[in-house]
Amino acid sequence: MLAHAIDTQAATDLKILLVVAGCLLTSPYIAKFLKLPLSATEIMLGSFIGFIGFIEESENFKLLANAGFYYLMFIAGMEINLKTFLNTDKSLLNKAFIYIIFLYVFSILAVESIDISYIFVIIIPVMSVGLLSTLYRDFGKNCEWLNVSMIVATLAEVVSIVLLTIAAAFLGKGADLFSLTQNLLYLVGFLALCIFGFKFLEVLFWWYPQLKTILMPWQDQNEKDIRFCMAIFIAIVAIMIYFKLEVALGAFIAGSFIATFFDHKKDLEHKLSSFGYGFLIPIFFIYIGSSFKLQMLLNPQVLIIAFSLTAFMIGLRIFCAMTFVKILGLKNTFLFGLSHSMPLTLLIAVATLSYQTNIITQDIYSGLVLTALLEAILAISLIKFVNNLSKKQLC
């Protein structure tokens, strides 16, 4: 009986692998034909193949998708040099905090006026840099509005993750004060350890700069640089899982440490991102798409929730982004607001947590998943559309 169950699961996993292989091969051509962003195309493909029954429940597929998400956050972190980040102009940081405060203030006002669950105070302003980092492949690292957007989104994501950690501890443990306090202490301890590690490595590499080339030689046939990065990535994921902290935050910080202290390896990010965007990250997008049941598109309540929430969340970000209009200009401010309207992973994480603890109904949960997909597709498509409309280069 057990052998039969194992054989059945193995057959399911094998079928999923073959389907994913087909999606990896064909998605770039489909995206080019439909003139849609590649990540959005992969999400849509995942939804379609899940609907026709080619993808079934599989813990192994979910595990591989999670690895793709964590790797995406790791690559996103590599876009942030902490030395540059810490030297950011104070006026820009002040505007960033004002922007984030506005998002939460207007979210509270909306929740109060509509009289819905307070979990939406976390849901509406939630931010993630995962999809935002994919825009660097199209706009490059010299794009001013995208660089500002990444800095602000990084701060906003930390706020989102802190609130998500608090919500997870509070809701998941039935308002257990001890568990809540323990999780918060772990989070504060981890952030404090990161600050200490940054200062320590800064001093260490100042005194012994040759350590950088020992760990990551200029030229090496054994790919020591890749091995070192993967070791750091796996170690930080294991630590975050052990302490039950948000793994995405740890992966992001690990990537930023690599970018900060090993910037002499100019080709490192390209080597790592080529592997990620060619294999692991698309699997994550396909999995996210497959988690949404297309039959929910026939449910009017789900559609109302999704379309109204999508419009409000995108509109709110664009409105609050006007804080930066003097710095970026009107068109780039619009792109800035759109770039923050793709909180795909964290939005689904909050929705899943809320549904599992009976804070929201299944219809609202499905509406939130559809919202996450719609925002990702619409925001990326609109950014590409606005950019293509301009005859002059925006960045």
# chains A, B, ... in the order shown; residues from 1 in each chain; ligands from 1
call {"tool": "residues_around", "arguments": {"residues": "Val386 (chain A)", "least_positions_apart": "3", "cutoff": "10 Å", "atoms": "only C-alpha atoms", "output": "list in words"}}
result
Lys331, Asn332, Phe334, Leu335, Ser381, Leu382, Ile383, Leu389, Ser390 and Leu394 of chain A
call {"tool": "write_last_selection", "arguments": {"atoms": "all heavy atoms", "output": "JSON list (two decimals), in the first residue's frame"}}
result
[["chain", "number", "residue", "atom", "x", "y", "z"],
["A", 331, "LYS", "N", 6.14, 61.65, -15.08],
["A", 331, "LYS", "CA", 6.10, 60.34, -15.74],
["A", 331, "LYS", "C", 6.85, 59.28, -14.91],
["A", 331, "LYS", "O", 6.34, 58.17, -14.71],
["A", 331, "LYS", "CB", 6.71, 60.43, -17.14],
["A", 331, "LYS", "CG", 6.62, 59.13, -17.91],
["A", 331, "LYS", "CD", 7.14, 59.27, -19.32],
["A", 331, "LYS", "CE", 6.17, 60.06, -20.17],
["A", 331, "LYS", "NZ", 6.59, 60.12, -21.59],
["A", 332, "ASN", "N", 8.02, 59.63, -14.43],
["A", 332, "ASN", "CA", 8.79, 58.67, -13.64],
["A", 332, "ASN", "C", 8.16, 58.41, -12.28],
["A", 332, "ASN", "O", 8.31, 57.32, -11.72],
["A", 332, "ASN", "CB", 10.23, 59.17, -13.45],
["A", 332, "ASN", "CG", 11.06, 59.02, -14.71],
["A", 332, "ASN", "OD1", 10.65, 58.36, -15.66],
["A", 332, "ASN", "ND2", 12.21, 59.64, -14.75],
["A", 334, "PHE", "N", 4.93, 58.26, -11.88],
["A", 334, "PHE", "CA", 3.89, 57.30, -12.24],
["A", 334, "PHE", "C", 4.48, 55.89, -12.33],
["A", 334, "PHE", "O", 3.90, 54.92, -11.81],
["A", 334, "PHE", "CB", 3.26, 57.71, -13.57],
["A", 334, "PHE", "CG", 2.16, 56.79, -14.04],
["A", 334, "PHE", "CD1", 0.93, 56.76, -13.41],
["A", 334, "PHE", "CD2", 2.37, 55.95, -15.13],
["A", 334, "PHE", "CE1", -0.08, 55.91, -13.85],
["A", 334, "PHE", "CE2", 1.37, 55.10, -15.58],
["A", 334, "PHE", "CZ", 0.14, 55.09, -14.93],
["A", 335, "LEU", "N", 5.65, 55.77, -12.97],
["A", 335, "LEU", "CA", 6.32, 54.48, -13.07],
["A", 335, "LEU", "C", 6.75, 53.98, -11.69],
["A", 335, "LEU", "O", 6.69, 52.78, -11.40],
["A", 335, "LEU", "CB", 7.53, 54.58, -13.99],
["A", 335, "LEU", "CG", 7.24, 54.84, -15.47],
["A", 335, "LEU", "CD1", 8.53, 55.08, -16.24],
["A", 335, "LEU", "CD2", 6.47, 53.68, -16.08],
["A", 381, "SER", "N", 2.99, 45.22, -17.21],
["A", 381, "SER", "CA", 2.55, 45.56, -18.57],
["A", 381, "SER", "C", 2.46, 47.06, -18.77],
["A", 381, "SER", "O", 2.88, 47.60, -19.81],
["A", 381, "SER", "CB", 1.20, 44.89, -18.86],
["A", 381, "SER", "OG", 1.29, 43.49, -18.76],
["A", 382, "LEU", "N", 1.91, 47.78, -17.78],
["A", 382, "LEU", "CA", 1.78, 49.23, -17.88],
["A", 382, "LEU", "C", 3.14, 49.92, -17.88],
["A", 382, "LEU", "O", 3.34, 50.91, -18.60],
["A", 382, "LEU", "CB", 0.91, 49.77, -16.73],
["A", 382, "LEU", "CG", -0.60, 49.56, -16.88],
["A", 382, "LEU", "CD1", -1.31, 49.97, -15.59],
["A", 382, "LEU", "CD2", -1.14, 50.37, -18.06],
["A", 383, "ILE", "N", 4.06, 49.41, -17.08],
["A", 383, "ILE", "CA", 5.41, 49.99, -17.06],
["A", 383, "ILE", "C", 6.06, 49.85, -18.43],
["A", 383, "ILE", "O", 6.64, 50.81, -18.97],
["A", 383, "ILE", "CB", 6.27, 49.32, -15.97],
["A", 383, "ILE", "CG1", 5.81, 49.76, -14.58],
["A", 383, "ILE", "CG2", 7.75, 49.67, -16.16],
["A", 383, "ILE", "CD1", 6.45, 49.00, -13.44],
["A", 389, "LEU", "N", 5.96, 54.01, -25.04],
["A", 389, "LEU", "CA", 5.31, 55.18, -25.61],
["A", 389, "LEU", "C", 6.27, 56.34, -25.78],
["A", 389, "LEU", "O", 6.12, 57.17, -26.67],
["A", 389, "LEU", "CB", 4.14, 55.63, -24.71],
["A", 389, "LEU", "CG", 2.79, 54.95, -24.92],
["A", 389, "LEU", "CD1", 1.76, 55.56, -23.98],
["A", 389, "LEU", "CD2", 2.32, 55.08, -26.37],
["A", 390, "SER", "N", 7.24, 56.40, -24.89],
["A", 390, "SER", "CA", 8.19, 57.51, -24.91],
["A", 390, "SER", "C", 9.20, 57.32, -26.04],
["A", 390, "SER", "O", 9.81, 56.28, -26.16],
["A", 390, "SER", "CB", 8.91, 57.61, -23.56],
["A", 390, "SER", "OG", 9.84, 58.64, -23.58],
["A", 394, "LEU", "N", 13.72, 57.02, -20.98],
["A", 394, "LEU", "CA", 13.24, 57.60, -19.73],
["A", 394, "LEU", "C", 14.33, 57.67, -18.68],
["A", 394, "LEU", "O", 14.24, 58.46, -17.76],
["A", 394, "LEU", "CB", 12.07, 56.77, -19.21],
["A", 394, "LEU", "CG", 10.79, 56.84, -20.02],
["A", 394, "LEU", "CD1", 9.76, 55.89, -19.43],
["A", 394, "LEU", "CD2", 10.25, 58.25, -20.03]]
call {"tool": "residues_around", "arguments": {"residues": "Leu309 (chain A)", "least_positions_apart": "3", "cutoff": "12 Å", "atoms": "only C-alpha atoms", "output": "VMD selection string"}}
result
chain A and resid 107 110 to 111 120 123 to 125 302 to 306 312 to 316 341 347 364 367 to 375
call {"tool": "closest_residue", "arguments": {"among": "A:Ala76, A:Ile232, A:Ile281, A:Ile239", "to": "Thr154 (chain A)", "atoms": "only C-alpha atoms"}}
result
A:Ala76
call {"tool": "closest_residue", "arguments": {"among": "A:Phe54, A:Phe97, A:Phe257, A:Tyr355", "to": "Tyr287 (chain A)", "atoms": "only C-alpha atoms"}}
result
A:Phe54
call {"tool": "closest_residue", "arguments": {"among": "A:Ala321, A:Leu249, A:Ile226, A:Ser39", "to": "Leu135 (chain A)", "atoms": "only C-alpha atoms"}}
result
A:Ser39
call {"tool": "residues_around", "arguments": {"residues": "region 200-215 of chain A", "least_positions_apart": "6", "cutoff": "10 Å", "atoms": "only C-alpha atoms", "output": "PDB file with N, CA, C and O atoms, in the first residue's frame"}}
result
ATOM      1  N   LYS A  83      26.466  49.987   1.480  1.00  0.00           N
ATOM      2  CA  LYS A  83      27.247  51.203   1.684  1.00  0.00           C
ATOM      3  C   LYS A  83      26.592  52.383   0.984  1.00  0.00           C
ATOM      4  O   LYS A  83      26.497  53.480   1.539  1.00  0.00           O
ATOM      5  N   CYS A 194      22.737  41.350  11.986  1.00  0.00           N
ATOM      6  CA  CYS A 194      23.086  41.803  10.638  1.00  0.00           C
ATOM      7  C   CYS A 194      23.873  43.112  10.688  1.00  0.00           C
ATOM      8  O   CYS A 194      24.856  43.295   9.957  1.00  0.00           O
ATOM      9  N   LYS A 224      34.666  29.364  -7.342  1.00  0.00           N
ATOM     10  CA  LYS A 224      34.607  29.580  -5.902  1.00  0.00           C
ATOM     11  C   LYS A 224      33.613  30.677  -5.528  1.00  0.00           C
ATOM     12  O   LYS A 224      32.995  30.621  -4.460  1.00  0.00           O
ATOM     13  N   ASP A 225      33.474  31.679  -6.393  1.00  0.00           N
ATOM     14  CA  ASP A 225      32.544  32.769  -6.098  1.00  0.00           C
ATOM     15  C   ASP A 225      31.104  32.273  -6.041  1.00  0.00           C
ATOM     16  O   ASP A 225      30.347  32.615  -5.117  1.00  0.00           O
ATOM     17  N   ARG A 227      30.144  29.139  -5.512  1.00  0.00           N
ATOM     18  CA  ARG A 227      30.035  28.226  -4.377  1.00  0.00           C
ATOM     19  C   ARG A 227      29.890  29.000  -3.060  1.00  0.00           C
ATOM     20  O   ARG A 227      29.094  28.623  -2.189  1.00  0.00           O
ATOM     21  N   PHE A 228      30.662  30.072  -2.927  1.00  0.00           N
ATOM     22  CA  PHE A 228      30.586  30.886  -1.712  1.00  0.00           C
ATOM     23  C   PHE A 228      29.199  31.509  -1.562  1.00  0.00           C
ATOM     24  O   PHE A 228      28.606  31.478  -0.474  1.00  0.00           O
ATOM     25  N   CYS A 229      28.674  32.060  -2.658  1.00  0.00           N
ATOM     26  CA  CYS A 229      27.341  32.682  -2.619  1.00  0.00           C
ATOM     27  C   CYS A 229      26.259  31.666  -2.285  1.00  0.00           C
ATOM     28  O   CYS A 229      25.354  31.944  -1.489  1.00  0.00           O
ATOM     29  N   PHE A 257      24.528  41.711   1.317  1.00  0.00           N
ATOM     30  CA  PHE A 257      25.884  41.584   1.886  1.00  0.00           C
ATOM     31  C   PHE A 257      26.883  41.192   0.802  1.00  0.00           C
ATOM     32  O   PHE A 257      28.003  41.710   0.764  1.00  0.00           O
ATOM     33  N   THR A 260      27.574  44.194  -1.306  1.00  0.00           N
ATOM     34  CA  THR A 260      28.298  45.253  -0.590  1.00  0.00           C
ATOM     35  C   THR A 260      29.786  44.956  -0.470  1.00  0.00           C
ATOM     36  O   THR A 260      30.619  45.838  -0.720  1.00  0.00           O
ATOM     37  N   PHE A 261      30.129  43.740  -0.112  1.00  0.00           N
ATOM     38  CA  PHE A 261      31.522  43.440   0.227  1.00  0.00           C
ATOM     39  C   PHE A 261      32.309  42.740  -0.879  1.00  0.00           C
ATOM     40  O   PHE A 261      33.525  42.592  -0.778  1.00  0.00           O
ATOM     41  N   PHE A 262      31.631  42.308  -1.939  1.00  0.00           N
ATOM     42  CA  PHE A 262      32.340  41.622  -3.017  1.00  0.00           C
ATOM     43  C   PHE A 262      32.007  42.263  -4.364  1.00  0.00           C
ATOM     44  O   PHE A 262      31.782  41.578  -5.361  1.00  0.00           O
ATOM     45  N   ASP A 263      31.979  43.596  -4.371  1.00  0.00           N
ATOM     46  CA  ASP A 263      31.637  44.323  -5.594  1.00  0.00           C
ATOM     47  C   ASP A 263      32.763  44.303  -6.620  1.00  0.00           C
ATOM     48  O   ASP A 263      32.604  44.833  -7.728  1.00  0.00           O
ATOM     49  N   HIS A 264      33.913  43.707  -6.262  1.00  0.00           N
ATOM     50  CA  HIS A 264      34.995  43.605  -7.238  1.00  0.00           C
ATOM     51  C   HIS A 264      34.664  42.562  -8.319  1.00  0.00           C
ATOM     52  O   HIS A 264      35.251  42.589  -9.398  1.00  0.00           O
ATOM     53  N   LYS A 265      33.735  41.656  -8.012  1.00  0.00           N
ATOM     54  CA  LYS A 265      33.325  40.642  -8.986  1.00  0.00           C
ATOM     55  C   LYS A 265      32.144  41.174  -9.802  1.00  0.00           C
ATOM     56  O   LYS A 265      30.981  40.966  -9.472  1.00  0.00           O
TER      57      LYS A 265
END
call {"tool": "select_by_dssp", "arguments": {"residues": "region 104-209 of chain A", "states": "helix (DSSP H, G or I)", "output": "number ranges by chain"}}
result
A: 104-114, 120-123, 132-139, 144-172, 177-207
call {"tool": "closest_residue", "arguments": {"among": "A:Ala376, A:Val237, A:Val325, A:Leu18", "to": "Ile49 (chain A)", "atoms": "only C-alpha atoms"}}
result
A:Leu18
call {"tool": "atom_distance", "arguments": {"atom1": "CA of Thr333 (chain A)", "atom2": "CA of Gly77 (chain A)"}}
result
22.9 Å
call {"tool": "atom_distance", "arguments": {"atom1": "CA of Met127 (chain A)", "atom2": "CA of His340 (chain A)"}}
result
6.6 Å
call {"tool": "closest_residue", "arguments": {"among": "A:Arg317, A:Lys293, A:Lys199, A:Arg137", "to": "Tyr277 (chain A)", "atoms": "only C-alpha atoms"}}
result
A:Arg137
call {"tool": "closest_residue", "arguments": {"among": "A:Phe69, A:Phe51, A:Tyr136, A:Phe74", "to": "Ala349 (chain A)", "atoms": "only C-alpha atoms"}}
result
A:Phe69
call {"tool": "residues_around", "arguments": {"residues": "Phe275 (chain A)", "least_positions_apart": "3", "cutoff": "12 Å", "atoms": "only C-alpha atoms", "output": "list of chain:residue names"}}
result
A:Gly68, A:Tyr71, A:Leu72, A:Ile75, A:Ile226, A:Met230, A:Leu268, A:Glu269, A:His270, A:Lys271, A:Leu272, A:Gly278, A:Phe279, A:Leu280, A:Ile281, A:Pro282
call {"tool": "atom_distance", "arguments": {"atom1": "CA of Phe243 (chain A)", "atom2": "CA of Gln356 (chain A)"}}
result
21.1 Å
call {"tool": "decode", "arguments": {"residues": "region 214-236 of chain A", "atoms": "N, CA, C and O atoms", "output": "mmCIF file, in the first residue's frame"}}
result
data_model
loop_
_atom_site.group_PDB
_atom_site.id
_atom_site.type_symbol
_atom_site.label_atom_id
_atom_site.label_comp_id
_atom_site.auth_asym_id
_atom_site.auth_seq_id
_atom_site.Cartn_x
_atom_site.Cartn_y
_atom_site.Cartn_z
ATOM 1 N N ILE A 214 40.630 36.082 -1.847
ATOM 2 C CA ILE A 214 40.800 34.678 -1.438
ATOM 3 C C ILE A 214 39.467 33.943 -1.523
ATOM 4 O O ILE A 214 39.374 32.824 -2.028
ATOM 5 N N LEU A 215 38.404 34.606 -1.028
ATOM 6 C CA LEU A 215 37.072 34.003 -1.062
ATOM 7 C C LEU A 215 36.492 34.003 -2.475
ATOM 8 O O LEU A 215 35.805 33.053 -2.873
ATOM 9 N N MET A 216 36.774 35.080 -3.215
ATOM 10 C CA MET A 216 36.274 35.210 -4.584
ATOM 11 C C MET A 216 37.412 35.672 -5.483
ATOM 12 O O MET A 216 37.579 36.871 -5.721
ATOM 13 N N PRO A 217 38.224 34.738 -5.988
ATOM 14 C CA PRO A 217 39.352 35.107 -6.851
ATOM 15 C C PRO A 217 38.872 35.779 -8.139
ATOM 16 O O PRO A 217 37.740 35.577 -8.581
ATOM 17 N N TRP A 218 39.759 36.578 -8.727
ATOM 18 C CA TRP A 218 39.416 37.253 -9.976
ATOM 19 C C TRP A 218 39.098 36.236 -11.062
ATOM 20 O O TRP A 218 38.128 36.362 -11.789
ATOM 21 N N GLN A 219 39.951 35.220 -11.168
ATOM 22 C CA GLN A 219 39.743 34.156 -12.145
ATOM 23 C C GLN A 219 39.919 32.812 -11.443
ATOM 24 O O GLN A 219 40.922 32.591 -10.761
ATOM 25 N N ASP A 220 38.922 31.945 -11.635
ATOM 26 C CA ASP A 220 38.960 30.667 -10.918
ATOM 27 C C ASP A 220 38.150 29.634 -11.687
ATOM 28 O O ASP A 220 36.966 29.840 -11.967
ATOM 29 N N GLN A 221 38.790 28.543 -12.023
ATOM 30 C CA GLN A 221 38.110 27.495 -12.790
ATOM 31 C C GLN A 221 37.146 26.669 -11.943
ATOM 32 O O GLN A 221 36.296 25.972 -12.474
ATOM 33 N N ASN A 222 37.276 26.770 -10.629
ATOM 34 C CA ASN A 222 36.416 25.987 -9.736
ATOM 35 C C ASN A 222 35.164 26.737 -9.286
ATOM 36 O O ASN A 222 34.414 26.238 -8.443
ATOM 37 N N GLU A 223 34.932 27.938 -9.829
ATOM 38 C CA GLU A 223 33.751 28.743 -9.517
ATOM 39 C C GLU A 223 33.594 28.938 -8.008
ATOM 40 O O GLU A 223 32.508 28.725 -7.446
ATOM 41 N N LYS A 224 34.666 29.364 -7.342
ATOM 42 C CA LYS A 224 34.607 29.580 -5.902
ATOM 43 C C LYS A 224 33.613 30.677 -5.528
ATOM 44 O O LYS A 224 32.995 30.621 -4.460
ATOM 45 N N ASP A 225 33.474 31.679 -6.393
ATOM 46 C CA ASP A 225 32.544 32.769 -6.098
ATOM 47 C C ASP A 225 31.104 32.273 -6.041
ATOM 48 O O ASP A 225 30.347 32.615 -5.117
ATOM 49 N N ILE A 226 30.719 31.422 -7.006
ATOM 50 C CA ILE A 226 29.369 30.868 -7.022
ATOM 51 C C ILE A 226 29.149 29.961 -5.812
ATOM 52 O O ILE A 226 28.102 30.013 -5.144
ATOM 53 N N ARG A 227 30.144 29.139 -5.512
ATOM 54 C CA ARG A 227 30.035 28.226 -4.377
ATOM 55 C C ARG A 227 29.890 29.000 -3.060
ATOM 56 O O ARG A 227 29.094 28.623 -2.189
ATOM 57 N N PHE A 228 30.662 30.072 -2.927
ATOM 58 C CA PHE A 228 30.586 30.886 -1.712
ATOM 59 C C PHE A 228 29.199 31.509 -1.562
ATOM 60 O O PHE A 228 28.606 31.478 -0.474
ATOM 61 N N CYS A 229 28.674 32.060 -2.658
ATOM 62 C CA CYS A 229 27.341 32.682 -2.619
ATOM 63 C C CYS A 229 26.259 31.666 -2.285
ATOM 64 O O CYS A 229 25.354 31.944 -1.489
ATOM 65 N N MET A 230 26.339 30.489 -2.886
ATOM 66 C CA MET A 230 25.344 29.459 -2.616
ATOM 67 C C MET A 230 25.417 28.973 -1.167
ATOM 68 O O MET A 230 24.393 28.677 -0.545
ATOM 69 N N ALA A 231 26.641 28.905 -0.639
ATOM 70 C CA ALA A 231 26.797 28.499 0.761
ATOM 71 C C ALA A 231 26.154 29.516 1.693
ATOM 72 O O ALA A 231 25.452 29.159 2.655
ATOM 73 N N ILE A 232 26.378 30.806 1.420
ATOM 74 C CA ILE A 232 25.768 31.870 2.222
ATOM 75 C C ILE A 232 24.250 31.815 2.108
ATOM 76 O O ILE A 232 23.519 31.912 3.105
ATOM 77 N N PHE A 233 23.755 31.640 0.896
ATOM 78 C CA PHE A 233 22.315 31.598 0.638
ATOM 79 C C PHE A 233 21.654 30.440 1.390
ATOM 80 O O PHE A 233 20.652 30.628 2.098
ATOM 81 N N ILE A 234 22.210 29.240 1.266
ATOM 82 C CA ILE A 234 21.634 28.062 1.926
ATOM 83 C C ILE A 234 21.701 28.196 3.441
ATOM 84 O O ILE A 234 20.748 27.863 4.157
ATOM 85 N N ALA A 235 22.823 28.712 3.947
ATOM 86 C CA ALA A 235 22.994 28.860 5.397
ATOM 87 C C ALA A 235 21.975 29.826 5.985
ATOM 88 O O ALA A 235 21.356 29.552 7.022
ATOM 89 N N ILE A 236 21.757 30.944 5.323
ATOM 90 C CA ILE A 236 20.827 31.949 5.863
ATOM 91 C C ILE A 236 19.392 31.438 5.792
ATOM 92 O O ILE A 236 18.584 31.699 6.703
#
